[in-house]
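J.: Would you mind keeping the following structure in view while I ask a few things?
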Amino acid sequence: MAEPTLSECYRAVCGQLGIQINPLVLENLQKTPTTRSFTLKLAGNNKQKGCQKLCDDDIFALSKCLQNNWTVTGLDLRYDNVSDAGAGHLADLLEVEDSALRSLDLTFNNIQTEGAKVLANCLQGNSSLLSLRLSGNKIGNIGGMHLASMLLVNRKLQKLELADCDLETPSVIAFSVALKTNTTLRSVDLSRALLFSFQEEWAVCFSEMFRVNGSLVELHLGKMGLTDTGMERLAEGLMQNHSLRYLDLRCNRVTHDGAQHLAGVLKQNTAIEIVDLSSNRIEDVGVEYLSDAISWPGCVLRELSVCRNSIRMKGLLSLAEALKINPTLTHVYIWGNRLEEPVCRAFKELISSGRLMPQRTDIRPYEVDGQVFLAEVFWGLRKHNYCTDDNCQNIRSDSNTSNDAAAPEENLSSSHR
């Protein structure tokens, strides 16, 4: 007799538990393959008619169905209504012996401190989950402390996202301590923590972590209130780090002094490939420091975003010249700065010559009455470039492939006023 399908199992479990069947869950289970692994996509922001966000009861029924299933290796539960109780049901699923679950996305649900604690406790003994996304859940400082403590024990998790989780200074520092000994975590996002100290103790702790950590590849520290002093501390540690590839410092308070410290890192550190400095205030002087570093022999930087940094003509022209010297830098994003005509002409030349591919920048040149302008193309740094599977070892998709999607022509803003 054939085993029941996942949809049949879900119907039966809902009947036994007295839980109303969620049409979104049932429809997606009916579409699932039976012989190969897949991610079950149940995001609550699905625009299809009749979409019903998953609640804790739905998670309870679903977790029961999946306990003996080996094909569902990922759960996408973004923008649903999962609370601490639902987190507990998912923890029960993760505690099943030889759990098949490899990725769990709970971005922007209603999980708080207790739910984070339950997940952290179950992950101490879990040896299957590779990726956990909790961004947008208000787990707070205590919830963050529980997850940081988990990292001292867990040796399987490779990606952890905790942006917009209301972390505070103690929990951010706890993560830096855990990363000194954790050798498996490869990607971390702690953006928009609630840091009220002007002494930036967390930056000192991360600098110390950089000196000893040899596994972290991708780090997101956007909206952390980072200043030039904090950037100087980070740079001291980054000088001695040879694993970090992607550094996200968008939406901070870095000025030209901080850019100078970062430029010093780029000259000496041959590992960093992607830097996001969007929405800081490095101005002309700051981008000149970076341009000098880009022109430096041995600089391996491949992607740079300096959008919205109050950069004018002098700084942007220095960046255009650096692009002519450095063949490694292939992705550059400059929108939101002062794009005067000499800048427009310089970047038009880079694009028309093939040095800068149209789909690897956020600008596109056009002419009106013989004058060159730049239009904005809504195309920016990809947040996640490094994979998190069993065989991933500092792998990033080749930025020189022809698979870059073309920027949508209809989504253009113009520097022509």
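Order determines the names: the first chain of the structure tokens is A, the second B, and so forth; residues in each chain are numbered 1 upward, and ligands are numbered 1 upward as they are shown.
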Any idea what's packed within 6 Å of range 356-371 of chain A, counting only C-alpha atoms, ignoring anything in its chain fewer than 2 positions away? Could you give it as a CSV table (one decimal) with N, CA, C and O atoms, in the first residue's frame?

T.:
```csv
chain,number,residue,atom,x,y,z
A,331,HIS,N,31.6,45.6,-10.2
A,331,HIS,CA,30.2,46.1,-9.9
A,331,HIS,C,30.4,47.4,-9.1
A,331,HIS,O,31.1,47.4,-8.0
A,332,VAL,N,29.9,48.5,-9.5
A,332,VAL,CA,30.0,49.8,-8.9
A,332,VAL,C,28.6,50.5,-8.8
A,332,VAL,O,27.9,50.6,-9.9
A,333,TYR,N,28.3,51.1,-7.7
A,333,TYR,CA,27.0,51.7,-7.5
A,333,TYR,C,27.2,53.1,-6.9
A,333,TYR,O,27.8,53.2,-5.8
A,348,LYS,N,29.7,57.1,-18.8
A,348,LYS,CA,29.2,56.6,-20.1
A,348,LYS,C,30.4,56.0,-20.8
A,348,LYS,O,30.1,54.9,-21.5
A,350,LEU,N,32.9,54.4,-19.6
A,350,LEU,CA,33.2,53.1,-19.0
A,350,LEU,C,32.2,52.0,-19.4
A,350,LEU,O,32.6,50.9,-19.7
A,351,ILE,N,31.0,52.4,-19.5
A,351,ILE,CA,29.9,51.5,-19.9
A,351,ILE,C,30.0,51.2,-21.4
A,351,ILE,O,29.9,50.0,-21.8
A,354,GLY,N,32.7,48.8,-22.4
A,354,GLY,CA,32.6,47.5,-21.9
A,354,GLY,C,33.3,47.2,-20.6
A,354,GLY,O,33.3,46.2,-20.0
A,373,PHE,N,23.5,62.6,-19.5
A,373,PHE,CA,22.9,62.5,-18.1
A,373,PHE,C,23.0,61.0,-17.7
A,373,PHE,O,23.2,60.2,-18.6
A,374,LEU,N,22.8,60.8,-16.5
A,374,LEU,CA,22.7,59.4,-16.0
A,374,LEU,C,21.3,59.2,-15.4
A,374,LEU,O,20.8,60.0,-14.6
A,375,ALA,N,20.7,58.0,-15.7
A,375,ALA,CA,19.4,57.6,-15.1
A,375,ALA,C,19.7,56.5,-14.1
A,375,ALA,O,20.7,55.8,-14.2
A,376,GLU,N,18.9,56.5,-13.1
A,376,GLU,CA,19.0,55.4,-12.1
A,376,GLU,C,18.4,54.1,-12.5
A,376,GLU,O,17.2,54.1,-13.0
A,377,VAL,N,19.1,53.0,-12.4
A,377,VAL,CA,18.5,51.7,-12.7
A,377,VAL,C,18.4,51.1,-11.3
A,377,VAL,O,19.4,51.0,-10.5
A,379,TRP,N,19.1,48.6,-9.4
A,379,TRP,CA,19.9,47.4,-9.5
A,379,TRP,C,21.0,47.7,-8.5
A,379,TRP,O,21.9,48.5,-8.7
A,406,ALA,N,19.2,41.5,-16.8
A,406,ALA,CA,19.2,42.9,-17.3
A,406,ALA,C,18.4,43.8,-16.4
A,406,ALA,O,17.3,43.3,-15.9
A,407,ALA,N,18.8,45.0,-16.1
A,407,ALA,CA,18.0,45.9,-15.3
A,407,ALA,C,16.7,46.3,-16.0
A,407,ALA,O,16.7,46.5,-17.3
```

J.: Compile the contact shell of Tyr289 in chain A as a PyMOL selection string: residues with an atom at most 7 Å away, counting only C-alpha atoms, same-chain residues fewer than 6 positions apart removed.

T.: chain A and resi 259-260+263

J.: For N, CA, C and O atoms, I'd like the residues from the last selection saved as a PDB file, in the first residue's frame.

T.:
```
ATOM      1  N   ALA A 259      36.499  56.201   5.987  1.00  0.00           N
ATOM      2  CA  ALA A 259      36.838  55.651   4.672  1.00  0.00           C
ATOM      3  C   ALA A 259      38.347  55.480   4.526  1.00  0.00           C
ATOM      4  O   ALA A 259      38.817  54.534   3.884  1.00  0.00           O
ATOM      5  N   GLN A 260      39.117  56.376   5.138  1.00  0.00           N
ATOM      6  CA  GLN A 260      40.573  56.247   5.088  1.00  0.00           C
ATOM      7  C   GLN A 260      41.037  54.985   5.808  1.00  0.00           C
ATOM      8  O   GLN A 260      41.916  54.266   5.322  1.00  0.00           O
ATOM      9  N   ALA A 263      40.153  52.099   3.585  1.00  0.00           N
ATOM     10  CA  ALA A 263      41.064  52.036   2.439  1.00  0.00           C
ATOM     11  C   ALA A 263      42.379  51.369   2.837  1.00  0.00           C
ATOM     12  O   ALA A 263      42.951  50.588   2.059  1.00  0.00           O
TER      13      ALA A 263
END
```

J.: Tell me which of A:Arg250, A:Lys138, A:Lys267, A:Lys159 sits closest to Val217 in chain A, counting only C-alpha atoms.

T.: A:Lys159

J.: Go through A:Ala293, A:Ile334, A:Leu277, A:Leu40 one by one, measure the shortest atom-to-atom distance of each to Ile311 in chain A using only C-alpha atoms, and give the residue with the smallest value.

T.: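 Nearest candidate to Ile311 in chain A out of A:Ala293, A:Ile334, A:Leu277, A:Leu40: A:Ile334.
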
J.: Contacts of range 108-120 of chain A at 10 Å or less, counting only C-alpha atoms, minus same-chain residues fewer than 6 places along, as a ChimeraX atom specification?

T.: /A:44,54-55,77-92,94-95,126,132-151,154,163-165

J.: Per DSSP on the backbone, filter range 145-381 of chain A down to the residues in helix (DSSP H, G or I) and report them as an MDAnalysis selection string.

T.: chainID A and resid 145:151 169:181 201:212 228:238 256:268 283:294 313:325 341:352 358:360

J.: Point out the residue among A:Met224, A:Cys205, A:Val343, A:Leu244 with the least atom-to-atom distance to Phe175 in chain A, counting only C-alpha atoms.

T.: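 Of A:Met224, A:Cys205, A:Val343, A:Leu244, the one nearest Phe175 in chain A, counting only C-alpha atoms, is A:Cys205.
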
J.: Excluding same-chain residues fewer than 3 positions from Val177 in chain A, what lies within 12 Å of it counting only C-alpha atoms, as a VMD selection string?

T.: chain A and resid 145 148 to 152 170 to 174 180 to 182 202 to 213

J.: Identify, on the basis of only C-alpha atoms, every residue whose closest approach to Ala12 in chain A does not exceed 12 Å; exclude the query and any residue fewer than 5 positions from it along the same chain; express the result as a PyMOL selection string.

T.: chain A and resi 4-7+17-21+26+61-62+64-65

J.: Mind dumping the selected residues with C-alpha atoms as a short mmCIF file (atom, residue, chain, number, x, y, z; two decimals), in the first residue's frame?

T.:
```cif
data_model
loop_
_atom_site.label_atom_id
_atom_site.label_comp_id
_atom_site.auth_asym_id
_atom_site.auth_seq_id
_atom_site.Cartn_x
_atom_site.Cartn_y
_atom_site.Cartn_z
CA PRO A 4 0.03 8.85 2.07
CA THR A 5 1.14 12.03 0.35
CA LEU A 6 2.01 15.13 2.37
CA SER A 7 -1.32 16.73 1.54
CA LEU A 17 -6.15 17.78 16.13
CA GLY A 18 -9.33 19.68 15.31
CA ILE A 19 -7.39 22.36 13.40
CA GLN A 20 -8.94 24.13 10.43
CA ILE A 21 -7.18 23.36 7.14
CA LEU A 26 -2.86 22.45 1.43
CA ALA A 61 -0.18 20.64 12.23
CA LEU A 62 2.58 21.16 9.68
CA LYS A 64 3.49 16.90 12.86
CA CYS A 65 3.26 16.13 9.12
#
```

J.: May I have all residues of range 132-379 of chain A that DSSP, computed from the backbone, assigns to strand (DSSP E or B), given as a CSV table (one decimal) with C-alpha atoms, in the first residue's frame?

T.:
```csv
chain,number,residue,atom,x,y,z
A,132,LEU,CA,18.2,30.4,10.3
A,133,ARG,CA,16.6,33.7,9.4
A,159,LYS,CA,23.9,31.4,8.3
A,160,LEU,CA,22.2,33.5,10.9
A,161,GLU,CA,20.1,36.6,10.2
A,168,GLU,CA,21.4,45.6,22.4
A,187,SER,CA,27.2,34.6,7.3
A,188,VAL,CA,25.8,36.9,10.1
A,189,ASP,CA,23.4,39.8,9.9
A,194,LEU,CA,19.7,49.2,19.5
A,218,GLU,CA,29.8,37.6,5.2
A,219,LEU,CA,29.0,40.2,7.9
A,220,HIS,CA,26.2,42.8,7.9
A,246,TYR,CA,31.6,40.7,2.2
A,247,LEU,CA,31.4,43.7,4.6
A,248,ASP,CA,28.1,45.6,4.8
A,255,THR,CA,32.8,60.0,7.0
A,274,ILE,CA,32.4,43.3,-1.5
A,275,VAL,CA,32.0,46.5,0.5
A,276,ASP,CA,28.6,48.3,1.0
A,281,ARG,CA,28.9,60.5,4.4
A,303,GLU,CA,31.8,45.1,-5.8
A,304,LEU,CA,31.5,48.6,-4.2
A,305,SER,CA,28.5,50.7,-3.3
A,331,HIS,CA,30.2,46.1,-9.9
A,332,VAL,CA,30.0,49.8,-8.9
A,333,TYR,CA,27.0,51.7,-7.5
A,361,THR,CA,25.9,49.3,-11.9
A,363,ILE,CA,23.2,54.0,-13.6
A,364,ARG,CA,22.5,54.2,-17.3
A,365,PRO,CA,23.7,57.1,-19.6
A,366,TYR,CA,21.5,58.9,-22.0
A,367,GLU,CA,21.8,62.2,-24.0
A,368,VAL,CA,19.5,65.2,-24.4
A,371,GLN,CA,24.4,66.7,-23.1
A,372,VAL,CA,25.0,63.4,-21.2
A,373,PHE,CA,22.9,62.5,-18.1
A,374,LEU,CA,22.7,59.4,-16.0
A,375,ALA,CA,19.4,57.6,-15.1
A,376,GLU,CA,19.0,55.4,-12.1
A,377,VAL,CA,18.5,51.7,-12.7
```
